[in-house]
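Undergrad: What follows is final.txt, made up of compact mmCIF, C-alpha atoms:
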```txt
# COMPACT_ATOMS: atom_id res chain seq x y z
CA MET B 1 203.66 92.66 73.19
CA THR B 2 200.15 94.05 73.22
CA ASN B 3 200.99 96.17 70.20
CA ASN B 4 202.32 93.19 68.31
CA GLU B 5 199.27 91.13 69.08
CA GLN B 6 197.01 93.91 67.95
CA SER B 7 198.74 94.43 64.66
CA GLU B 8 198.47 90.72 63.88
CA GLU B 9 194.72 91.06 63.74
CA SER B 10 193.52 92.30 60.41
CA SER B 11 190.60 94.58 59.87
CA GLY B 12 190.45 93.19 56.32
CA LEU B 13 189.76 96.70 55.08
CA PRO B 14 191.80 98.18 52.27
CA PRO B 15 194.23 100.99 53.18
CA SER B 16 194.36 104.27 51.23
CA LYS B 17 195.19 104.10 47.53
CA GLU B 18 198.47 105.93 48.03
CA LEU B 19 199.68 103.53 50.73
CA THR B 20 198.61 100.48 48.73
CA GLU B 21 200.53 101.68 45.67
CA ALA B 22 203.63 102.46 47.74
CA TYR B 23 203.51 99.03 49.38
CA LEU B 24 203.16 97.22 46.04
CA LEU B 25 206.01 99.25 44.53
CA HIS B 26 208.19 98.35 47.51
CA LEU B 27 207.57 94.62 46.91
CA ALA B 28 208.15 95.04 43.17
CA ASP B 29 211.34 97.10 43.52
CA ASN B 30 212.88 94.58 45.93
CA ALA B 31 212.28 91.75 43.47
CA LEU B 32 213.36 93.72 40.38
CA ILE B 33 216.63 95.05 41.77
CA LEU B 34 217.70 91.71 43.27
CA GLY B 35 216.72 89.99 40.02
CA GLN B 36 218.91 92.41 38.05
CA ARG B 37 221.83 92.06 40.47
CA ASN B 38 221.73 88.27 40.17
CA ALA B 39 221.43 88.51 36.39
CA GLU B 40 224.89 90.13 36.35
CA TRP B 41 226.20 86.59 36.86
CA CYS B 42 224.73 85.42 33.57
CA GLY B 43 227.58 83.71 31.73
CA HIS B 44 229.97 84.30 34.67
CA GLY B 45 228.80 81.76 37.29
CA PRO B 46 231.50 79.65 38.96
CA VAL B 47 230.22 76.49 37.22
CA LEU B 48 227.59 76.03 34.52
CA GLU B 49 224.93 74.51 36.80
CA GLN B 50 225.15 77.36 39.28
CA ASP B 51 225.23 79.97 36.53
CA ILE B 52 221.92 78.46 35.40
CA ALA B 53 220.59 78.36 38.96
CA ILE B 54 221.29 82.02 39.78
CA THR B 55 219.83 83.22 36.47
CA ASN B 56 216.72 81.04 36.99
CA ILE B 57 216.32 82.77 40.34
CA SER B 58 216.65 86.12 38.54
CA LEU B 59 213.91 85.11 36.14
CA ASP B 60 211.59 84.16 39.00
CA LEU B 61 212.28 87.45 40.80
CA ILE B 62 211.76 89.58 37.70
CA GLY B 63 208.53 87.67 37.04
CA GLN B 64 207.35 88.43 40.57
CA ALA B 65 208.31 92.08 40.10
CA ARG B 66 206.24 92.21 36.89
CA ASN B 67 203.20 90.84 38.70
CA PHE B 68 203.50 93.49 41.43
CA TYR B 69 204.14 96.31 38.93
CA GLN B 70 201.19 95.26 36.76
CA TYR B 71 198.92 95.27 39.78
CA ALA B 72 200.23 98.66 40.95
CA ALA B 73 199.82 100.09 37.42
CA LEU B 74 196.22 98.88 37.35
CA LEU B 75 195.49 100.71 40.60
CA ILE B 76 197.34 103.85 39.50
CA GLY B 77 195.45 103.85 36.18
CA ASP B 78 195.82 106.83 33.86
CA GLY B 79 197.82 104.92 31.23
CA CYS B 80 200.39 103.68 33.72
CA ASP B 81 202.03 100.33 32.94
CA GLU B 82 204.72 98.02 34.28
CA ASP B 83 207.41 99.49 32.00
CA LYS B 84 206.75 103.07 33.12
CA LEU B 85 207.13 101.97 36.73
CA ALA B 86 210.35 100.06 36.12
CA TYR B 87 212.01 102.39 33.62
CA LEU B 88 210.80 105.90 34.31
CA ARG B 89 211.04 106.37 38.05
CA SER B 90 214.12 107.98 39.55
CA GLU B 91 216.32 106.69 42.33
CA ARG B 92 214.47 108.53 45.12
CA GLU B 93 211.20 107.00 43.97
CA PHE B 94 212.49 103.42 44.31
CA LYS B 95 211.42 101.77 47.56
CA ASN B 96 213.65 98.71 47.64
CA CYS B 97 215.69 97.92 50.74
CA LEU B 98 219.42 98.63 50.69
CA LEU B 99 220.37 94.94 50.91
CA VAL B 100 219.19 94.13 47.37
CA GLU B 101 220.93 97.05 45.65
CA LEU B 102 224.46 96.40 46.99
CA PRO B 103 226.98 95.24 44.37
CA ARG B 104 226.99 91.49 43.73
CA GLY B 105 230.43 91.08 45.35
CA ASP B 106 231.99 87.62 45.12
CA TRP B 107 230.01 84.38 44.88
CA ALA B 108 229.83 84.12 48.69
CA GLN B 109 228.30 87.58 48.95
CA THR B 110 225.77 86.86 46.19
CA ILE B 111 224.80 83.56 47.87
CA LEU B 112 224.54 85.09 51.31
CA ARG B 113 222.41 88.01 50.14
CA GLN B 114 220.09 85.60 48.34
CA PHE B 115 219.82 83.49 51.47
CA LEU B 116 219.11 86.42 53.81
CA PHE B 117 216.53 87.83 51.43
CA SER B 118 214.89 84.52 50.49
CA ALA B 119 214.41 83.70 54.18
CA TYR B 120 212.67 87.08 54.55
CA GLN B 121 210.57 86.70 51.38
CA TYR B 122 209.57 83.21 52.42
CA LEU B 123 208.11 84.47 55.71
CA LEU B 124 206.58 87.57 54.14
CA TYR B 125 204.83 85.77 51.26
CA THR B 126 203.60 83.09 53.65
CA GLU B 127 201.71 85.85 55.48
CA LEU B 128 200.57 87.73 52.38
CA GLN B 129 199.05 84.67 50.72
CA LYS B 130 196.63 83.99 53.59
CA THR B 131 193.14 84.67 52.33
CA GLU B 132 190.87 82.30 54.17
CA PRO B 133 188.40 84.26 56.25
CA GLY B 134 188.77 83.48 59.93
CA GLN B 135 192.45 82.72 59.48
CA ALA B 136 193.44 85.84 61.43
CA ARG B 137 193.78 87.88 58.24
CA PHE B 138 191.72 88.49 55.19
CA ARG B 139 193.92 89.48 52.33
CA ASP B 140 193.58 91.41 49.16
CA GLU B 141 192.91 88.67 46.60
CA GLN B 142 195.30 89.71 43.86
CA LEU B 143 198.16 90.35 46.29
CA ALA B 144 197.51 86.94 47.88
CA ALA B 145 197.51 85.29 44.44
CA ILE B 146 200.86 86.86 43.50
CA ALA B 147 202.34 85.87 46.88
CA ALA B 148 201.05 82.28 46.70
CA LYS B 149 202.53 81.87 43.23
CA ALA B 150 205.85 83.42 44.27
CA LEU B 151 206.09 81.42 47.47
CA LYS B 152 206.50 78.16 45.55
CA GLU B 153 209.47 79.68 43.72
CA VAL B 154 210.98 81.25 46.83
CA SER B 155 210.93 77.81 48.51
CA TYR B 156 213.45 76.64 45.88
CA HIS B 157 215.55 79.79 46.28
CA LEU B 158 215.67 79.38 50.05
CA ARG B 159 216.65 75.74 49.93
CA TRP B 160 219.28 76.30 47.26
CA SER B 161 220.86 79.32 48.97
CA SER B 162 220.75 77.70 52.45
CA GLU B 163 222.60 74.67 51.11
CA TRP B 164 225.20 76.91 49.49
CA VAL B 165 225.77 78.94 52.67
CA ILE B 166 226.42 75.66 54.52
CA ARG B 167 228.61 74.30 51.74
CA LEU B 168 230.78 77.44 51.76
CA GLY B 169 230.87 77.79 55.55
CA ASP B 170 231.65 74.15 56.08
CA GLY B 171 233.96 73.86 53.06
CA THR B 172 237.57 74.92 52.67
CA GLU B 173 239.40 77.56 54.68
CA GLU B 174 239.10 79.89 51.70
CA SER B 175 235.34 79.39 51.25
CA HIS B 176 234.76 79.75 54.99
CA THR B 177 236.68 83.02 55.13
CA ARG B 178 234.73 84.37 52.18
CA ILE B 179 231.28 83.53 53.52
CA GLN B 180 232.18 84.89 56.97
CA ASN B 181 233.41 88.11 55.33
CA ALA B 182 230.14 88.30 53.43
CA VAL B 183 228.17 87.97 56.68
CA ASN B 184 230.23 90.72 58.31
CA GLU B 185 229.73 92.93 55.27
CA LEU B 186 225.98 92.41 54.73
CA TRP B 187 224.71 92.05 58.29
CA PRO B 188 224.29 95.81 58.89
CA TYR B 189 221.81 95.87 55.99
CA THR B 190 219.47 93.25 57.46
CA GLY B 191 217.88 95.42 60.15
CA GLU B 192 216.05 97.50 57.55
CA LEU B 193 213.94 94.52 56.50
CA PHE B 194 212.12 94.56 59.82
CA ASN B 195 212.07 98.29 60.39
CA PRO B 196 208.66 99.40 59.06
CA ALA B 197 208.57 102.17 56.44
CA TYR B 198 205.62 104.59 56.41
CA TYR B 199 203.64 102.42 53.97
CA GLU B 200 204.27 99.32 56.07
CA LYS B 201 203.10 101.09 59.22
CA GLY B 202 200.12 102.47 57.34
CA THR B 203 199.05 99.16 55.81
CA ALA B 204 199.78 96.82 58.75
CA GLY B 205 196.58 95.13 59.81
CA THR B 206 194.71 96.04 56.62
CA SER B 207 193.96 93.80 53.66
CA ILE B 208 197.33 94.69 52.11
CA GLY B 209 200.38 94.83 54.35
CA ILE B 210 201.81 93.23 57.43
CA ASP B 211 204.04 94.67 60.12
CA PRO B 212 207.50 93.37 59.11
CA SER B 213 208.83 93.56 62.66
CA LEU B 214 206.71 90.47 63.37
CA LEU B 215 208.90 88.50 60.95
CA LYS B 216 212.13 89.32 62.76
CA LYS B 217 212.11 86.50 65.29
CA PRO B 218 211.25 83.63 62.93
CA TRP B 219 213.76 85.05 60.42
CA GLU B 220 216.57 85.13 62.98
CA GLU B 221 215.75 81.57 63.93
CA LYS B 222 215.94 80.37 60.30
CA VAL B 223 219.15 82.29 59.66
CA ASN B 224 220.87 81.25 62.89
CA ASN B 225 220.09 77.57 62.28
CA VAL B 226 221.87 77.70 58.93
CA PHE B 227 224.73 79.79 60.36
CA ALA B 228 225.23 77.18 63.11
CA GLU B 229 225.37 74.40 60.50
CA ALA B 230 227.85 76.47 58.49
CA ALA B 231 230.03 77.38 61.51
CA ILE B 232 229.44 81.06 60.79
CA VAL B 233 229.69 83.62 63.59
CA ASN B 234 226.72 85.98 63.67
CA PRO B 235 227.98 89.53 64.21
CA ASN B 236 224.88 90.47 66.21
CA GLY B 237 224.29 93.87 67.67
CA GLN B 238 225.77 96.14 65.05
CA TRP B 239 224.56 99.51 63.86
CA MET B 240 221.92 98.93 61.18
CA GLN B 241 221.71 100.94 57.97
CA THR B 242 218.28 102.14 56.86
CA GLY B 243 216.74 104.47 54.29
CA GLY B 244 216.28 102.50 51.08
CA LYS B 245 212.65 101.64 51.70
CA GLU B 246 211.88 105.37 51.92
CA GLY B 247 213.97 106.34 48.90
CA LYS B 248 217.32 107.15 50.52
CA HIS B 249 219.66 104.79 48.75
CA THR B 250 223.34 103.92 48.59
CA GLU B 251 225.34 105.25 45.64
CA HIS B 252 224.99 101.82 43.99
CA LEU B 253 221.31 102.09 43.05
CA GLY B 254 221.88 105.06 40.72
CA TYR B 255 224.34 103.08 38.61
CA ILE B 256 222.15 100.02 38.20
CA LEU B 257 219.14 102.20 37.30
CA ALA B 258 221.20 104.19 34.81
CA GLU B 259 222.13 100.99 33.04
CA MET B 260 218.67 99.48 33.24
CA GLN B 261 216.78 102.62 32.20
CA TYR B 262 219.16 103.96 29.56
CA MET B 263 217.21 102.76 26.51
CA GLN B 264 213.83 104.09 27.64
CA ARG B 265 215.34 107.41 28.72
CA ALA B 266 217.35 107.86 25.53
CA TYR B 267 214.64 106.62 23.16
CA PRO B 268 211.32 107.22 24.92
CA ASP B 269 208.59 104.68 24.19
CA SER B 270 210.90 102.46 22.17
CA LYS B 271 209.61 98.90 21.99
CA TRP B 272 211.45 95.57 21.86
CA MET T 1 177.56 76.43 22.88
CA VAL T 2 178.99 73.27 24.45
CA ILE T 3 180.00 72.15 20.97
CA GLY T 4 181.67 75.55 20.44
CA LYS T 5 183.78 75.10 23.54
CA GLU T 6 184.78 71.55 22.66
CA LYS T 7 185.95 72.78 19.29
CA ILE T 8 188.11 75.43 20.99
CA TRP T 9 189.62 72.91 23.43
CA SER T 10 190.62 70.75 20.49
CA LEU T 11 192.13 73.73 18.66
CA LEU T 12 194.12 74.68 21.75
CA ALA T 13 195.53 71.14 21.85
CA THR T 14 197.54 72.19 18.77
CA VAL T 15 199.19 75.15 20.54
CA THR T 16 202.52 74.01 21.96
CA ASP T 17 204.87 75.32 24.62
CA PRO T 18 207.72 77.03 22.73
CA GLU T 19 210.25 75.77 25.29
CA VAL T 20 208.99 72.18 25.51
CA PRO T 21 207.47 71.81 22.03
CA VAL T 22 206.29 68.27 22.66
CA LEU T 23 203.66 69.56 25.13
CA SER T 24 200.49 71.41 24.22
CA VAL T 25 199.00 74.06 26.48
CA ILE T 26 196.28 71.53 27.30
CA ASP T 27 198.84 68.85 28.28
CA LEU T 28 200.50 71.41 30.55
CA GLY T 29 197.24 72.22 32.27
CA ILE T 30 197.68 75.98 31.90
CA VAL T 31 194.35 76.62 30.14
CA ARG T 32 191.91 77.12 33.00
CA GLU T 33 188.71 78.29 31.35
CA ILE T 34 187.08 79.06 28.05
CA ASN T 35 184.26 81.60 28.07
CA ILE T 36 182.10 82.40 25.09
CA ASN T 37 180.09 85.55 25.46
CA GLY T 38 178.25 86.70 22.37
CA GLY T 39 180.95 87.24 19.75
CA THR T 40 183.77 87.28 22.31
CA THR T 41 185.90 84.26 23.10
CA GLU T 42 187.91 84.49 26.29
CA ILE T 43 190.69 82.04 27.10
CA VAL T 44 191.92 82.06 30.70
CA ILE T 45 195.48 80.84 31.20
CA THR T 46 197.81 80.62 34.20
CA PRO T 47 201.63 80.78 34.12
CA THR T 48 203.77 77.84 35.25
CA TYR T 49 206.26 80.18 36.98
CA SER T 50 205.95 83.94 37.68
CA GLY T 51 208.80 84.69 35.27
CA CYS T 52 207.97 82.13 32.58
CA PRO T 53 209.17 83.90 29.40
CA ALA T 54 207.02 81.64 27.21
CA MET T 55 203.73 83.14 28.37
CA ASP T 56 203.69 86.02 25.88
CA ALA T 57 204.44 83.68 22.99
CA ILE T 58 201.78 81.25 24.22
CA SER T 59 199.06 83.96 24.38
CA MET T 60 199.97 85.11 20.91
CA ASN T 61 199.92 81.57 19.50
CA ILE T 62 196.51 80.93 21.09
CA LYS T 63 195.17 84.06 19.39
CA LEU T 64 196.72 83.11 16.05
CA VAL T 65 195.26 79.60 16.02
CA LEU T 66 191.78 80.88 16.87
CA LEU T 67 192.01 83.68 14.28
CA GLU T 68 192.99 81.14 11.62
CA HIS T 69 189.82 79.22 12.42
CA GLY T 70 187.53 82.19 12.05
CA TYR T 71 187.19 83.38 15.62
CA LYS T 72 187.26 87.18 15.72
CA ASP T 73 187.07 88.84 19.09
CA ILE T 74 189.59 86.85 21.18
CA LYS T 75 190.79 87.77 24.64
CA VAL T 76 193.51 85.91 26.51
CA ARG T 77 193.42 86.65 30.23
CA THR T 78 196.06 85.53 32.74
CA VAL T 79 195.12 84.52 36.27
CA LEU T 80 197.54 83.60 39.06
CA SER T 81 195.20 81.89 41.47
CA PRO T 82 195.01 79.02 42.19
CA PRO T 83 198.74 78.66 41.42
CA TRP T 84 199.66 76.16 38.72
CA THR T 85 200.89 72.77 39.81
CA THR T 86 202.39 69.88 37.85
CA ASP T 87 199.47 67.80 39.16
CA TRP T 88 197.44 69.51 36.41
CA MET T 89 199.61 67.99 33.69
CA SER T 90 197.72 65.36 31.72
CA GLU T 91 198.80 61.69 31.78
CA GLU T 92 199.14 61.94 28.02
CA GLY T 93 201.46 64.91 28.49
CA LYS T 94 203.62 62.97 30.96
CA GLU T 95 203.94 60.13 28.46
CA LYS T 96 204.92 62.58 25.70
CA LEU T 97 207.62 64.04 27.94
CA ARG T 98 209.07 60.61 28.71
CA LYS T 99 209.28 59.75 25.01
CA TYR T 100 210.92 63.12 24.37
CA GLY T 101 213.66 62.28 26.90
CA ILE T 102 212.46 64.46 29.77
CA ALA T 103 211.50 62.74 33.02
CA PRO T 104 207.88 63.70 33.80
CA PRO T 105 207.00 65.19 37.19
CA ASN T 106 206.32 62.74 40.00
CA PRO T 107 202.71 62.91 41.14
CA LYS T 108 203.57 64.45 44.47
CA GLN T 109 204.78 67.92 45.31
CA GLN T 110 208.25 67.91 46.76
CA VAL T 111 209.16 71.55 46.73
CA CYS T 112 207.07 72.10 49.84
CA ASP T 113 209.67 70.08 51.67
CA THR T 114 212.18 72.79 52.43
CA ARG T 115 214.45 70.69 54.61
CA LEU T 116 218.03 71.12 53.53
CA PHE T 117 219.98 68.50 51.59
CA GLU T 118 216.82 66.42 51.59
CA ALA T 119 216.99 63.68 48.95
CA ASP T 120 214.19 64.00 46.43
CA GLU T 121 211.94 61.10 45.67
CA ALA T 122 213.49 58.78 43.09
CA VAL T 123 213.19 60.13 39.56
CA GLN T 124 213.12 57.57 36.79
CA CYS T 125 215.63 57.90 33.97
CA PRO T 126 213.67 58.49 30.73
CA HIS T 127 216.37 56.65 28.73
CA CYS T 128 216.91 53.35 30.56
CA ASN T 129 214.11 53.47 33.19
CA SER T 130 216.55 53.12 36.10
CA TYR T 131 215.68 54.75 39.40
CA LEU T 132 219.36 55.06 40.32
CA THR T 133 219.55 58.70 39.36
CA LYS T 134 220.91 61.77 41.08
CA ARG T 135 220.06 65.43 41.04
CA VAL T 136 222.83 67.63 39.68
CA SER T 137 220.98 70.91 40.17
CA GLU T 138 217.42 71.83 40.98
CA PHE T 139 217.54 74.51 38.32
CA GLY T 140 217.71 73.52 34.67
CA SER T 141 217.56 74.98 31.17
CA THR T 142 214.09 76.43 31.89
CA ALA T 143 212.39 77.41 35.15
CA CYS T 144 210.29 74.25 35.14
CA LYS T 145 213.13 71.73 34.90
CA ALA T 146 215.92 70.30 37.08
CA LEU T 147 219.16 68.64 35.93
CA TYR T 148 219.71 64.94 36.65
CA THR T 149 222.12 62.20 35.65
CA CYS T 150 221.50 58.47 35.58
CA ASN T 151 223.95 56.35 37.58
CA ASP T 152 223.19 53.32 35.40
CA CYS T 153 223.28 54.51 31.79
CA LYS T 154 225.35 57.60 32.76
CA GLU T 155 223.21 59.83 30.56
CA PRO T 156 222.28 63.31 31.75
CA PHE T 157 218.60 64.23 31.50
CA ASP T 158 216.09 66.93 32.37
CA TYR T 159 213.42 66.36 34.99
CA PHE T 160 210.21 68.37 34.71
CA LYS T 161 210.19 69.13 38.40
CA CYS T 162 207.25 68.85 40.74
CA HIS T 163 205.78 72.21 41.47
```
Represent the supplied structure as structure tokens.
TA:
Amino acid sequence: MTNNEQSEESSGLPPSKELTEAYLLHLADNALILGQRNAEWCGHGPVLEQDIAITNISLDLIGQARNFYQYAALLIGDGCDEDKLAYLRSEREFKNCLLVELPRGDWAQTILRQFLFSAYQYLLYTELQKTEPGQARFRDEQLAAIAAKALKEVSYHLRWSSEWVIRLGDGTEESHTRIQNAVNELWPYTGELFNPAYYEKGTAGTSIGIDPSLLKKPWEEKVNNVFAEAAIVNPNGQWMQTGGKEGKHTEHLGYILAEMQYMQRAYPDSKW
Amino acid sequence: MVIGKEKIWSLLATVTDPEVPVLSVIDLGIVREININGGTTEIVITPTYSGCPAMDAISMNIKLVLLEHGYKDIKVRTVLSPPWTTDWMSEEGKEKLRKYGIAPPNPKQQVCDTRLFEADEAVQCPHCNSYLTKRVSEFGSTACKALYTCNDCKEPFDYFKCH
């Protein structure tokens, strides 16, 4: 308890350059990879309106990723830019969590992943956008600006995905089975969100990061409320997978990067 | 210099949003500042949504219009804070949207209300003015719009959603 309370207080001081860059890349990679996964539905959504919805969410996420990459590139300097960070880093250099890189699965799995992640992003960005002095934390201004902008978008994503989880859970026998299967399948990847990586430990309480373990309780509350509405059984207490945030990924990340990075790798510096 | 700035504001009123061509960047409220410093003209803009794909085209069009009118050293800078809101859209812009067949944003932010299945405030149909409309999807053909249909005239329409 004492530890948690301490880490909530911010010194307001910036962490080291290396930790700041790693933290920003982690935020960017999460948004980019989930954006790309959702974009796989483009033209394949179950109905037109939802095809449009999931690809709009992709667009928001890729936009957020660009903002984080641009900021990271500015700090890195030396001719670095957003494209180099997205297209020229290898799998082990990506710091996204495992949850976002898993294959899209069926519609239930895509919806559930979006819901679990949006609920997390909503809480995270709410913290990161706090800049008012005296409000417990004093944030890095640019990070707070990106988070405040993104939070408005994430509010839509969270509402949309929550409603879909309930609709599927409370729908037909088929839809209920599918969403429950998705929960059973994805749940072991949720623990990593709250398990701090080295750059989260190192930036917690500074002007940049927050300790993600503080988000666990409010996240569980949000998620369990929707699960209760949807008559979904929470498979609590399972073994949790970790590693993605520190570069140890599932086999799936390599494939999505290969596809995404092919052009820049094959034809270096080619422009649209 | 005040005259110089006024001239630029009026030139920017001719730069339109490529996705909603009836609106100018001034109507949208995305031009935040104009700074003239010696020979340099700096235009500060803010995106509607993080991933708005029109931003690159908008910056380029701003530069082109100013170049055409003899301005030389032009910088377009993007800022994210404070985040854009539809409250910054001009009344004239809202009227243009309505005439174009897109329901303009209501003057109150609704997205902050994250309660589930919450009915949105009534949105007026831009075709027949009925308030008996329903939301089909909160995501539309661009990030800034939602899909609606009118229960009276049965026409579908876009709503420039509150943000």
Undergrad: Mind listing as a PyMOL selection string which residues of chain B are within 7 Å of chain T, counting all atoms listed in the file?
TA: chain B and resi 49+52-53+56+59-60+62-64+145-146+148-150+155-156+159+163
Undergrad: What does the structure give for the distance between atom CA of B:Ile208 and atom CA of B:Ala144, in Å to one decimal?
TA: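 Separation between atom CA of B:Ile208 and atom CA of B:Ala144: 8.8 Å.
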Undergrad: Could you check how far atom CA of T:Arg135 sits from atom CA of B:Leu48, in Å to one decimal?
TA: 14.5 Å
Undergrad: What's the separation between atom CA of B:Gly45 and atom CA of B:Trp160, in Å to one decimal place?
TA: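 Result for atom CA of B:Gly45 versus atom CA of B:Trp160: 14.8 Å, one decimal.
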Undergrad: Looking at only C-alpha atoms, which of T:Glu42, T:Glu19, T:Glu91, T:Asp56 is the one that sits closest to T:Lys72?
TA: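 When distances to T:Lys72 are compared using only C-alpha atoms, the smallest one comes from T:Glu42.
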Undergrad: Which residue is closest to B:Gln129? Choose from B:Ala39, B:Ile210, B:Leu215, B:Leu102 and count only C-alpha atoms.
TA: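 Nearest to B:Gln129: B:Ile210.
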Undergrad: Using all atoms listed in the file, which of the listed residues (T:Met89, T:Val20, T:Val44, T:Cys162) sits closest to T:Ile62?
TA: T:Val44
Undergrad: Would you mind listing what lies within 9 Å of B:Leu186 as number ranges by chain, with only C-alpha atoms counted and same-chain residues fewer than 3 positions away left out?
TA: B: 99, 102, 109, 112-113, 181-183, 189-190
Undergrad: What are the centre and edge lengths in Å, to one decimal, of the axis-aligned box around all listed atoms of stretch 196-211 of chain B with 6 Å added on each side, as lines of an AutoDock Vina configuration file?
TA:
```
center_x = 201.3
center_y = 98.9
center_z = 56.1
size_x = 26.7
size_y = 23.4
size_z = 20.0
```
Undergrad: So that I can check the surroundings of B:Leu128, please list as a list in words every protein, DNA and RNA residue that reaches within 7 Å of it, counting all atoms listed in the file and ignoring chain neighbours fewer than 2 positions away.
TA: Leu124, Tyr125, Thr126, Lys130, Arg139, Ala144 and Ala147 of chain B
Undergrad: With only C-alpha atoms as the counted atoms, please give the residues lying no more than 10 Å from T:Lys5, apart from itself and same-chain residues fewer than 5 positions off, as a PyMOL selection string.
TA: chain T and resi 10-11+33-36+41
Undergrad: Fewer than 2 positions away in the same chain doesn't count, so skip those; otherwise give me all residues within 10 Å of B:Met240, counting all atoms listed in the file, as a PDB file with C-alpha atoms, in the coordinates of the input.
TA:
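Written out: out_36.pdb:
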```pdb
ATOM      1  CA  TRP B 187     224.710  92.050  58.290  1.00  0.00           C
ATOM      2  CA  PRO B 188     224.290  95.810  58.890  1.00  0.00           C
ATOM      3  CA  TYR B 189     221.810  95.870  55.990  1.00  0.00           C
ATOM      4  CA  THR B 190     219.470  93.250  57.460  1.00  0.00           C
ATOM      5  CA  GLY B 191     217.880  95.420  60.150  1.00  0.00           C
ATOM      6  CA  GLU B 192     216.050  97.500  57.550  1.00  0.00           C
ATOM      7  CA  ASN B 195     212.070  98.290  60.390  1.00  0.00           C
ATOM      8  CA  GLY B 237     224.290  93.870  67.670  1.00  0.00           C
ATOM      9  CA  GLN B 238     225.770  96.140  65.050  1.00  0.00           C
ATOM     10  CA  THR B 242     218.280 102.140  56.860  1.00  0.00           C
TER      11      THR B 242
END
```
Undergrad: I need every residue sitting at most 12 Å from the point (205.9, 72.6, 23.2) (coordinates as in the file, all atoms listed in the file considered), written as a list in words.
TA: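 Here is the list of nearby residues: Ala13, Thr14, Val15, Thr16, Asp17, Pro18, Glu19, Val20, Pro21, Val22, Leu23, Ser24, Val25, Ile26, Asp27, Leu28, Ala54, Met55, Ala57, Ile58, Asn61, Gly93, Lys96, Leu97 and Tyr100 of chain T.
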Undergrad: What residues have an atom no more than 8 Å from (212.1, 64.8, 29.8) in the file's own frame, counting all atoms listed in the file, and can you write them as a list in words?
TA: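 Residues with an atom at most 8 Å from (212.1, 64.8, 29.8): Leu97, Arg98, Lys99, Tyr100, Gly101, Ile102, Ala103, Pro104, Pro126, Phe157, Asp158, Tyr159 and Phe160 of chain T.
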Undergrad: With all atoms listed in the file as the basis for distance, which of T:Lys134, T:Val76, T:His127, T:Glu6 is at the shortest distance from T:Glu155?
TA: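 Between T:Lys134, T:Val76, T:His127, T:Glu6, the residue approaching T:Glu155 most closely is T:His127.
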